[in-house]
Structures are given as structure tokens and as C-alpha cells.
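Engineer: File follows, run33.txt with compact mmCIF, C-alpha atoms:
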# COMPACT_ATOMS: atom_id res chain seq x y z
CA MET A 8 68.35 16.57 42.52
CA GLY A 9 70.74 13.68 43.03
CA ALA A 10 72.59 15.54 45.78
CA ARG A 11 69.44 16.44 47.69
CA ARG A 12 69.02 14.15 50.68
CA LYS A 13 65.45 13.21 51.27
CA ARG A 14 63.98 11.96 54.48
CA GLY A 15 61.01 9.82 55.24
CA ARG A 16 59.85 6.25 55.12
CA GLY A 17 62.16 3.72 53.55
CA TRP A 18 61.59 1.97 50.23
CA ARG A 19 61.10 -1.34 52.03
CA GLU A 20 58.00 -0.01 53.80
CA MET A 21 56.72 1.37 50.50
CA LEU A 22 56.96 -2.01 48.85
CA LEU A 23 55.80 -4.35 51.58
CA CYS A 24 52.12 -4.67 52.49
CA GLY A 25 50.94 -2.29 49.81
CA GLY A 26 53.12 0.62 50.87
CA ALA A 27 52.34 0.79 54.59
CA ARG A 28 52.59 -1.44 57.61
CA VAL A 29 49.49 -1.66 59.76
CA GLU A 30 51.22 0.07 62.67
CA ASP A 31 52.51 2.80 60.32
CA GLU A 32 49.11 3.61 58.83
CA ALA A 33 49.28 7.17 60.15
CA CYS A 34 52.44 7.75 58.10
CA CYS A 35 50.81 6.66 54.87
CA SER A 36 48.65 9.74 54.51
CA PRO A 37 50.33 13.16 54.19
CA LYS A 38 47.14 14.67 55.61
CA ARG A 39 48.36 13.72 59.10
CA CYS A 40 51.20 16.22 58.63
CA LEU A 41 48.88 19.21 58.59
CA ASP A 42 46.16 20.62 60.76
CA ASP A 43 42.60 20.91 59.49
CA GLU A 44 42.96 24.60 58.65
CA ALA A 45 46.01 24.05 56.45
CA SER A 46 44.36 21.08 54.83
CA SER A 47 41.27 23.06 53.92
CA ARG A 48 43.42 25.77 52.32
CA LEU A 49 45.06 23.20 50.08
CA ARG A 50 41.97 21.46 48.75
CA SER A 51 42.02 21.03 44.99
CA ASP A 52 38.77 22.57 43.75
CA SER A 53 39.77 22.77 40.12
CA PRO A 54 37.42 20.85 37.85
CA VAL A 55 38.59 17.58 36.38
CA SER A 56 37.20 16.53 33.06
CA PRO A 57 35.91 12.94 32.93
CA LEU A 58 38.51 12.12 30.34
CA ASP A 59 41.47 14.18 29.15
CA PRO A 60 41.22 14.60 25.34
CA ARG A 61 44.79 13.34 25.10
CA LEU A 62 43.57 9.99 26.37
CA SER A 63 40.98 9.55 23.66
CA SER A 64 43.52 8.03 21.27
CA SER A 65 44.70 4.45 21.09
CA SER A 66 47.20 5.25 23.82
CA THR A 67 44.56 4.53 26.44
CA LEU A 68 42.09 1.72 26.85
CA MET A 69 38.45 2.53 26.24
CA MET A 70 36.75 3.25 29.54
CA SER A 71 33.21 2.93 30.74
CA ARG A 72 31.49 5.87 32.40
CA GLU A 73 32.11 4.30 35.79
CA GLU A 74 35.83 3.92 35.02
CA GLU A 75 36.01 7.54 33.88
CA GLU A 76 34.45 8.60 37.19
CA ASP A 77 37.03 6.50 39.05
CA VAL A 78 39.86 8.22 37.17
CA SER A 79 38.44 11.69 37.86
CA TRP A 80 38.10 10.84 41.55
CA LEU A 81 41.70 9.60 41.77
CA VAL A 82 42.99 12.68 39.95
CA ARG A 83 41.33 14.91 42.56
CA GLU A 84 42.63 12.86 45.47
CA SER A 85 46.17 12.66 44.06
CA ARG A 86 46.22 16.45 43.61
CA LYS A 87 45.40 16.82 47.29
CA THR A 88 48.24 14.45 48.17
CA LEU A 89 50.70 16.43 46.05
CA ALA A 90 49.63 19.75 47.54
CA LEU A 91 49.73 18.47 51.11
CA LEU A 92 53.10 16.81 50.69
CA GLU A 93 54.69 19.89 49.12
CA PHE A 94 53.20 22.10 51.84
CA ALA A 95 54.45 19.78 54.58
CA GLY A 96 57.91 19.70 52.99
CA HIS A 97 58.32 23.48 53.40
CA GLY A 98 60.03 23.83 50.04
CA THR A 99 62.27 20.76 50.37
CA VAL A 100 60.07 18.60 48.14
CA ASP A 101 60.05 19.12 44.38
CA LEU A 102 57.53 16.64 43.03
CA ALA A 103 57.61 18.19 39.58
CA ALA A 104 61.16 16.83 39.32
CA ASP A 105 60.74 13.72 41.48
CA ALA A 106 57.61 12.33 39.80
CA PRO A 107 56.87 14.45 36.71
CA GLU A 108 54.40 11.90 35.31
CA ILE A 109 52.02 12.63 38.19
CA ARG A 110 51.49 16.14 36.81
CA GLU A 111 52.36 15.77 33.15
CA GLU A 112 50.20 12.68 32.62
CA GLU A 113 48.04 12.68 35.71
CA GLU A 114 44.91 11.07 34.24
CA PHE A 115 46.91 8.38 32.48
CA THR A 116 48.90 7.69 35.65
CA CYS A 117 45.70 7.44 37.67
CA GLN A 118 44.24 5.08 35.09
CA ARG A 119 47.33 2.85 35.38
CA PHE A 120 47.02 2.62 39.15
CA LEU A 121 43.30 1.91 38.98
CA LYS A 122 43.77 -0.82 36.41
CA GLY A 123 46.73 -2.25 38.29
CA PHE A 124 44.65 -2.56 41.45
CA GLN A 125 41.42 -3.78 39.84
CA ASN A 126 39.62 -0.42 40.01
CA ASN A 127 39.64 -0.49 43.80
CA ARG A 128 39.55 3.21 44.66
CA SER A 129 40.96 3.05 48.18
CA LYS A 130 43.73 0.60 47.23
CA SER A 131 44.65 2.61 44.14
CA LEU A 132 44.84 5.84 46.13
CA LYS A 133 46.87 4.19 48.87
CA MET A 134 49.36 2.80 46.36
CA MET A 135 49.57 6.07 44.44
CA GLN A 136 50.29 7.90 47.70
CA SER A 137 52.97 5.33 48.46
CA TYR A 138 54.48 5.91 45.02
CA ILE A 139 54.51 9.69 45.51
CA LEU A 140 56.07 9.32 48.96
CA TRP A 141 58.65 6.86 47.64
CA ARG A 142 59.67 9.24 44.86
CA SER A 143 59.87 12.21 47.23
CA ASN A 144 61.87 10.26 49.83
CA THR A 145 64.31 8.68 47.40
CA ASP A 146 67.32 10.35 45.86
CA THR A 147 67.56 10.30 42.09
CA VAL A 148 69.62 7.23 41.19
CA ARG A 149 72.92 8.10 39.53
CA LYS A 150 75.33 5.83 37.70
CA GLU A 151 77.87 6.11 40.51
CA ASP A 152 75.28 4.73 42.96
CA ILE A 153 75.08 1.41 41.08
CA THR A 154 78.55 1.11 39.53
CA GLU A 155 79.10 -2.54 40.45
CA SER A 156 75.69 -3.66 39.25
CA LEU A 157 76.18 -1.88 35.93
CA LYS A 158 79.62 -3.47 35.52
CA ALA A 159 78.09 -6.90 36.15
CA GLU A 160 75.70 -6.30 33.22
CA LYS A 161 72.68 -7.57 35.12
CA VAL A 162 70.18 -5.63 33.02
CA LEU A 163 70.25 -5.51 29.23
CA LEU A 164 68.07 -3.93 26.58
CA LEU A 165 67.18 -5.40 23.21
CA LYS A 166 67.66 -3.02 20.28
CA GLY A 167 64.54 -4.47 18.70
CA ARG A 168 61.09 -3.88 20.19
CA ASP A 169 58.58 -6.45 21.42
CA ARG A 170 55.57 -7.41 19.30
CA ARG A 171 53.59 -4.42 20.56
CA GLY A 172 56.37 -1.90 20.00
CA GLY A 173 57.49 -1.69 23.63
CA PRO A 174 61.04 -1.99 24.95
CA THR A 175 62.32 -5.43 25.94
CA VAL A 176 64.40 -5.56 29.13
CA VAL A 177 66.48 -8.62 30.01
CA ILE A 178 67.49 -9.30 33.63
CA VAL A 179 70.32 -11.84 33.80
CA GLY A 180 69.97 -13.81 37.03
CA ARG A 181 73.37 -15.50 36.90
CA ASN A 182 75.08 -12.09 36.95
CA HIS A 183 73.59 -11.33 40.36
CA ASP A 184 75.57 -12.38 43.44
CA MET A 185 73.54 -11.96 46.62
CA TYR A 186 76.74 -11.96 48.69
CA LYS A 187 78.07 -8.93 46.82
CA THR A 188 74.92 -6.91 46.14
CA ASP A 189 72.30 -6.06 48.75
CA VAL A 190 68.61 -5.61 48.07
CA GLU A 191 68.84 -1.82 48.33
CA GLU A 192 71.25 -1.60 45.40
CA THR A 193 69.06 -4.01 43.43
CA VAL A 194 66.07 -1.68 43.89
CA LYS A 195 68.20 1.29 42.83
CA LEU A 196 69.31 -0.60 39.73
CA LEU A 197 65.71 -1.44 38.82
CA THR A 198 64.61 2.16 39.34
CA TYR A 199 67.41 3.41 37.10
CA CYS A 200 66.78 0.87 34.35
CA LEU A 201 62.98 0.97 34.33
CA ASP A 202 62.97 4.75 34.20
CA LYS A 203 65.22 4.49 31.14
CA ALA A 204 62.91 1.90 29.58
CA MET A 205 59.87 4.12 30.19
CA ALA A 206 61.63 6.93 28.35
CA LEU A 207 61.52 4.69 25.26
CA MET A 208 57.74 4.30 25.44
CA GLU A 209 55.46 6.38 23.25
CA ARG A 210 52.05 6.86 24.81
CA THR A 211 50.64 8.71 21.80
CA LYS A 212 51.23 5.50 19.82
CA GLY A 213 49.77 3.27 22.53
CA ILE A 214 53.20 2.03 23.69
CA THR A 215 53.05 2.18 27.49
CA MET A 216 54.42 -1.17 28.67
CA ALA A 217 57.60 -3.18 28.45
CA THR A 218 58.38 -6.87 28.13
CA VAL A 219 60.75 -8.19 30.80
CA ILE A 220 62.74 -11.40 30.35
CA LEU A 221 64.19 -12.81 33.56
CA ASP A 222 66.97 -15.07 32.31
CA LEU A 223 67.34 -17.85 34.90
CA GLU A 224 69.48 -20.19 32.83
CA GLY A 225 72.63 -21.28 34.63
CA ILE A 226 71.81 -19.77 38.02
CA GLY A 227 73.32 -21.33 41.14
CA TRP A 228 73.02 -20.99 44.87
CA ARG A 229 74.78 -17.58 44.93
CA ASN A 230 72.14 -16.25 42.56
CA LEU A 231 69.08 -17.65 44.36
CA ASP A 232 68.20 -14.50 46.25
CA ALA A 233 64.64 -14.78 47.59
CA GLN A 234 64.63 -11.26 49.03
CA ALA A 235 65.84 -9.72 45.78
CA LEU A 236 63.26 -11.63 43.71
CA LYS A 237 60.44 -10.67 46.07
CA HIS A 238 61.38 -7.00 45.95
CA VAL A 239 61.79 -7.09 42.17
CA MET A 240 58.26 -8.43 41.75
CA LEU A 241 56.74 -6.10 44.35
CA PHE A 242 58.63 -3.22 42.75
CA PHE A 243 56.88 -3.81 39.43
CA GLN A 244 53.52 -4.55 41.07
CA ASN A 245 53.29 -1.71 43.61
CA LEU A 246 55.37 1.13 42.20
CA TYR A 247 55.07 0.63 38.43
CA PRO A 248 51.60 -0.84 37.82
CA GLU A 249 50.76 -1.50 34.17
CA ARG A 250 54.30 -0.76 33.02
CA VAL A 251 55.23 -4.43 32.49
CA ARG A 252 53.06 -6.28 29.99
CA VAL A 253 54.61 -9.69 30.59
CA ALA A 254 57.47 -11.06 32.68
CA VAL A 255 59.02 -14.12 31.05
CA PHE A 256 60.89 -16.47 33.38
CA TRP A 257 63.35 -18.07 30.98
CA LYS A 258 64.61 -21.60 31.64
CA ALA A 259 64.03 -21.64 35.37
CA PRO A 260 65.90 -24.64 36.87
CA GLY A 261 64.28 -27.06 39.29
CA ILE A 262 65.83 -25.38 42.33
CA PHE A 263 64.04 -22.16 41.40
CA GLY A 264 60.73 -23.76 42.34
CA ALA A 265 61.50 -23.52 46.06
CA LEU A 266 62.38 -19.85 45.68
CA TRP A 267 59.22 -19.13 43.71
CA SER A 268 57.04 -20.82 46.34
CA ILE A 269 58.32 -18.25 48.86
CA VAL A 270 57.73 -15.23 46.65
CA LYS A 271 54.46 -16.15 44.91
CA PRO A 272 52.13 -15.59 47.93
CA PHE A 273 53.19 -11.93 48.09
CA LEU A 274 51.89 -11.24 44.57
CA SER A 275 48.38 -10.38 43.45
CA GLU A 276 46.49 -12.52 40.99
CA ALA A 277 46.83 -9.75 38.41
CA THR A 278 50.63 -9.84 38.73
CA ARG A 279 50.77 -13.63 38.60
CA SER A 280 48.72 -13.59 35.40
CA LYS A 281 51.50 -11.61 33.69
CA ILE A 282 54.18 -14.20 34.43
CA LEU A 283 55.13 -16.68 31.73
CA PHE A 284 57.47 -19.60 32.39
CA ALA A 285 59.23 -20.43 29.13
CA ARG A 286 61.81 -22.97 28.01
CA GLU A 287 61.36 -22.93 24.24
CA THR A 288 62.18 -20.20 21.75
CA ALA A 289 58.64 -20.52 20.43
CA ASP A 290 57.37 -19.23 23.78
CA LEU A 291 59.58 -16.15 23.55
CA ALA A 292 58.64 -15.64 19.91
CA GLY A 293 55.09 -14.98 21.05
CA GLU A 294 56.38 -11.86 22.80
CA VAL A 295 59.37 -10.79 20.65
CA LYS A 296 59.76 -11.39 16.92
CA LEU A 297 62.55 -13.81 16.03
CA CYS A 298 64.26 -11.12 13.96
CA HIS A 299 64.61 -9.05 17.15
CA LEU A 300 65.40 -11.95 19.48
CA PRO A 301 69.14 -12.62 20.02
CA LYS A 302 70.62 -15.96 19.01
CA ALA A 303 71.35 -16.65 22.68
CA TYR A 304 67.60 -17.21 23.02
CA GLY A 305 67.16 -19.03 19.74
CA GLY A 306 66.33 -15.96 17.70
CA GLN A 307 67.81 -14.54 14.51
CA ALA A 308 69.36 -11.31 15.80
CA GLU A 309 73.02 -11.09 16.71
CA ASP A 310 73.78 -11.22 20.41
CA ASP A 311 75.32 -7.75 20.28
CA THR A 312 71.82 -6.37 19.66
CA MET A 313 71.32 -7.02 23.39
CA VAL A 314 73.17 -4.17 25.06
CA PRO A 315 73.87 -3.41 28.72
CA MET A 316 71.85 -0.57 30.18
CA THR A 317 74.21 2.21 31.16
Translate this structure into C-alpha cells?

Structural biologist:
Amino acid sequence: MGARRKRGRGWREMLLCGGARVEDEACCSPKRCLDDEASSRLRSDSPVSPLDPRLSSSSTLMMSREEEEDVSWLVRESRKTLALLEFAGHGTVDLAADAPEIREEEEFTCQRFLKGFQNNRSKSLKMMQSYILWRSNTDTVRKEDITESLKAEKVLLLKGRDRRGGPTVVIVGRNHDMYKTDVEETVKLLTYCLDKAMALMERTKGITMATVILDLEGIGWRNLDAQALKHVMLFFQNLYPERVRVAVFWKAPGIFGALWSIVKPFLSEATRSKILFARETADLAGEVKLCHLPKAYGGQAEDDTMVPMT
């Protein structure tokens, strides 16, 4: 899969403006790729149960009847998108490999997108289509694609879990040099690392989200990358809704305020509500137990329990 070159809209367009520019609206829907006859042949008429039995456990939030209907509707619409995209790709698109969660956990994935976009059907569908297109148009990220970023140890993983059993990812801002790493590589790095973090989640036990700590201590002008920060936040918001439980901004210096004022308007209220600015260990302890928190952050665990993601 990594060697297969995919074509289509770039990741920048997928992230910005909810996955599609106004003038590119026609590109957002795979239906435009087919004529009406082909589209009618590919309609998904298979019944969708209001709620998959697998989602009845604690792994999924309790839903009202209206929410169940929203999920069923989005499942049907996402199936149409998958069928249309694969048909239009003439065998060059393998969504089972590109985005397996769409088929393996389709109702749960639809529920995540609906919750992430406040149960707005049209917005949720638009963003899910953008996610599917992004996956199909993006090569699988390999280690050799992000060698320099991995060497710089920008993203680390705590061996201990957060207070809800999810993985804890640490992004070290001072290890990022905007003059050496472009935004495209940063997005590749995030894709690689977040996919690894998701592999550590256990939906059957209700563990579906991660805690992210953005370590801003000691950053300087070379690290103050507004474009990278904006794309990091939009990446989590638009492509991985409800995968990050809280994003802790650790010891942000005064100069970070100017950067944040540029990025903040691009984020939804739901995303902003998940951001916690913290300067004291007690703040972090509310998210990660002290026994799992490295001493570098005032915890009790050894610093070598925070390992680079490779």
C-alpha cells in the first residue's frame, strides 16, 4: 500500500474549511464522478439496524432514539460514498486497507463523527466524506517518510495510561524546527503516531480516546510555527473527531499567546472545550495519575517511561 501512488485533492484542502473550499464543492462529493445510472446501481439498500449490538456495551455512549436514527442515516450515506469512490477509482482504490475502521466499525465511526460535529447530519457527512477521500488520496505513512521527525523525538508515548485507560501522547514543541520541517511532514508524523495510538485503544472496554500533552516549555522563535499548530489542531478536529479526550498545553510561554490568537478562530467550540492550559503538576494529575506521569512533569514515574514513538 505504501508504494501505491494515490491521486486527488491534497490534505491541505481536506483540513481547511471543513474539508472543501467553496469553489471546490463539486470535488467534495464522489457522486459527481458518476452518471445517474451508475449511481443508482451502487445505492446501498441493505438494512441498517438502529444500533449495532456491539455498541450496546460501555464502549459507546448511550444514545437517544433520535441519535440512533442519525447514526443509521450516516451509515447508509457513508456506504454510498464508499461504493461510489471505489467504483470511480476503477480498482485503484482499496478502502478496506486505507480506512478499515469505516467498514469494521462503521456505526461507531459514524457516531464519532456525529458527536464531533454536534449531531449535524450534513456537516458530519461532509467531514466523513473528506476523511474517506483523504485516506484514499494519501499514501500509507512509512518510517522512511518521516525519518528526521522521528530522530528529533517530537512525539513520545507514556508507558502508563491516562486516568480513563487511554494512551497518553506527548508532543514536544521545542523539538520542532519550522525551518527544517515543513507542514506536510508534520501531518505525516501525526498520522503515523495517532494511528499507532489508536491501535492501543480498546473499544470493547470503552477506551476510544487519547490524552495529548503539548509540551511548550522552553520553546523559542524557531519552534513558534503557526501553520503547524493550526494544522495539528484541525487534524485532530476534522479527521480524528472524538479520538482526543483532552489536549493539555503544558507551560505555554507568554509569546505563545500571539500564536494561539491566530489559530484559535479556526477551531470549533467543541474543540476549544477540550483544551487545557496547565502550568502545575496538579493540573496534569487530573488527567494522568502521578504514578504514570514522568518526573519531568512533576510525577513519580521515571523519565524513561516516556518513550519515542517509532

Engineer: For Lys158 (chain A), which residue among A:Ser131, A:Thr116, A:Ser275, A:Asn182 is the nearest when counting all atoms listed in the file?

Structural biologist: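 Among the listed residues, the smallest separation from Lys158 (chain A) belongs to A:Asn182.
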
Engineer: What's the 8 Å shell around Pro260 (chain A), counting only C-alpha atoms, without same-chain residues fewer than 4 positions away, as a ChimeraX atom specification?

Structural biologist: /A:223-226,264

Engineer: Hey, can you check how far CA of Asp146 (chain A) sits from CA of Glu192 (chain A)?

Structural biologist: 12.6 Å

Engineer: What does the distance between CA of Phe284 (chain A) and CA of Val251 (chain A) come to in Å, to one decimal place?

Structural biologist: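 Those two atoms sit 15.3 Å apart.
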
Engineer: Determine, counting only C-alpha atoms, which protein, DNA and RNA residues have an atom within 9 Å of an atom of Ala235 (chain A); residues of the same chain fewer than 6 positions away are not included. Present the result as a list in words.

Structural biologist: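 Listed by chain and then number, they are Met185, Asp189, Val190, Glu191, Thr193 and Val194 of chain A.
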
Engineer: Please dump the current selection as a PDB file, keeping the file's coordinate frame; keep C-alpha atoms.

Structural biologist:
ATOM      1  CA  MET A 185      73.540 -11.960  46.620  1.00  0.00           C
ATOM      2  CA  ASP A 189      72.300  -6.060  48.750  1.00  0.00           C
ATOM      3  CA  VAL A 190      68.610  -5.610  48.070  1.00  0.00           C
ATOM      4  CA  GLU A 191      68.840  -1.820  48.330  1.00  0.00           C
ATOM      5  CA  THR A 193      69.060  -4.010  43.430  1.00  0.00           C
ATOM      6  CA  VAL A 194      66.070  -1.680  43.890  1.00  0.00           C
TER       7      VAL A 194
END

Engineer: Counting only C-alpha atoms, I want the residues whose atoms come within 10 Å of (67.8, -5.5, 24.8) in the file frame, returned as a PyMOL selection string.

Structural biologist: chain A and resi 162-169+174-178+219-220+299-301+310-316

Engineer: Output C-alpha atoms of each residue in that selection to a file, as a PDB file, in the frame of the given file.

Structural biologist:
ATOM      1  CA  VAL A 162      70.180  -5.630  33.020  1.00  0.00           C
ATOM      2  CA  LEU A 163      70.250  -5.510  29.230  1.00  0.00           C
ATOM      3  CA  LEU A 164      68.070  -3.930  26.580  1.00  0.00           C
ATOM      4  CA  LEU A 165      67.180  -5.400  23.210  1.00  0.00           C
ATOM      5  CA  LYS A 166      67.660  -3.020  20.280  1.00  0.00           C
ATOM      6  CA  GLY A 167      64.540  -4.470  18.700  1.00  0.00           C
ATOM      7  CA  ARG A 168      61.090  -3.880  20.190  1.00  0.00           C
ATOM      8  CA  ASP A 169      58.580  -6.450  21.420  1.00  0.00           C
ATOM      9  CA  PRO A 174      61.040  -1.990  24.950  1.00  0.00           C
ATOM     10  CA  THR A 175      62.320  -5.430  25.940  1.00  0.00           C
ATOM     11  CA  VAL A 176      64.400  -5.560  29.130  1.00  0.00           C
ATOM     12  CA  VAL A 177      66.480  -8.620  30.010  1.00  0.00           C
ATOM     13  CA  ILE A 178      67.490  -9.300  33.630  1.00  0.00           C
ATOM     14  CA  VAL A 219      60.750  -8.190  30.800  1.00  0.00           C
ATOM     15  CA  ILE A 220      62.740 -11.400  30.350  1.00  0.00           C
ATOM     16  CA  HIS A 299      64.610  -9.050  17.150  1.00  0.00           C
ATOM     17  CA  LEU A 300      65.400 -11.950  19.480  1.00  0.00           C
ATOM     18  CA  PRO A 301      69.140 -12.620  20.020  1.00  0.00           C
ATOM     19  CA  ASP A 310      73.780 -11.220  20.410  1.00  0.00           C
ATOM     20  CA  ASP A 311      75.320  -7.750  20.280  1.00  0.00           C
ATOM     21  CA  THR A 312      71.820  -6.370  19.660  1.00  0.00           C
ATOM     22  CA  MET A 313      71.320  -7.020  23.390  1.00  0.00           C
ATOM     23  CA  VAL A 314      73.170  -4.170  25.060  1.00  0.00           C
ATOM     24  CA  PRO A 315      73.870  -3.410  28.720  1.00  0.00           C
ATOM     25  CA  MET A 316      71.850  -0.570  30.180  1.00  0.00           C
TER      26      MET A 316
END

Engineer: Could you state the separation of CA of Ser156 (chain A) and CA of Pro107 (chain A) in Å, given to one decimal place?

Structural biologist: 26.2 Å

Engineer: Would you pick out the contacts of Thr215 (chain A) at 7 Å or less, using all atoms listed in the file, so that residues sharing its chain but fewer than 6 positions from it are not included, and give the list as JSON, numbers by chain?

Structural biologist: {"A": [208, 209, 250]}

Engineer: For Trp267 (chain A), which residue out of A:Glu249, A:Asp232, A:Asp222, A:Asp290 is the nearest one, using all atoms listed in the file?

Structural biologist: A:Asp232

Engineer: Name the residues in contact with Gly172 (chain A) at a cut-off of 10 Å, using all atoms listed in the file, excluding same-chain residues fewer than 6 positions from it; report them as a count of residues only.

Structural biologist: 11

Engineer: Using all atoms listed in the file, which of A:Leu266, A:Thr288, A:Ala90, A:Arg170 sits nearest Lys302 (chain A)?

Structural biologist: A:Thr288
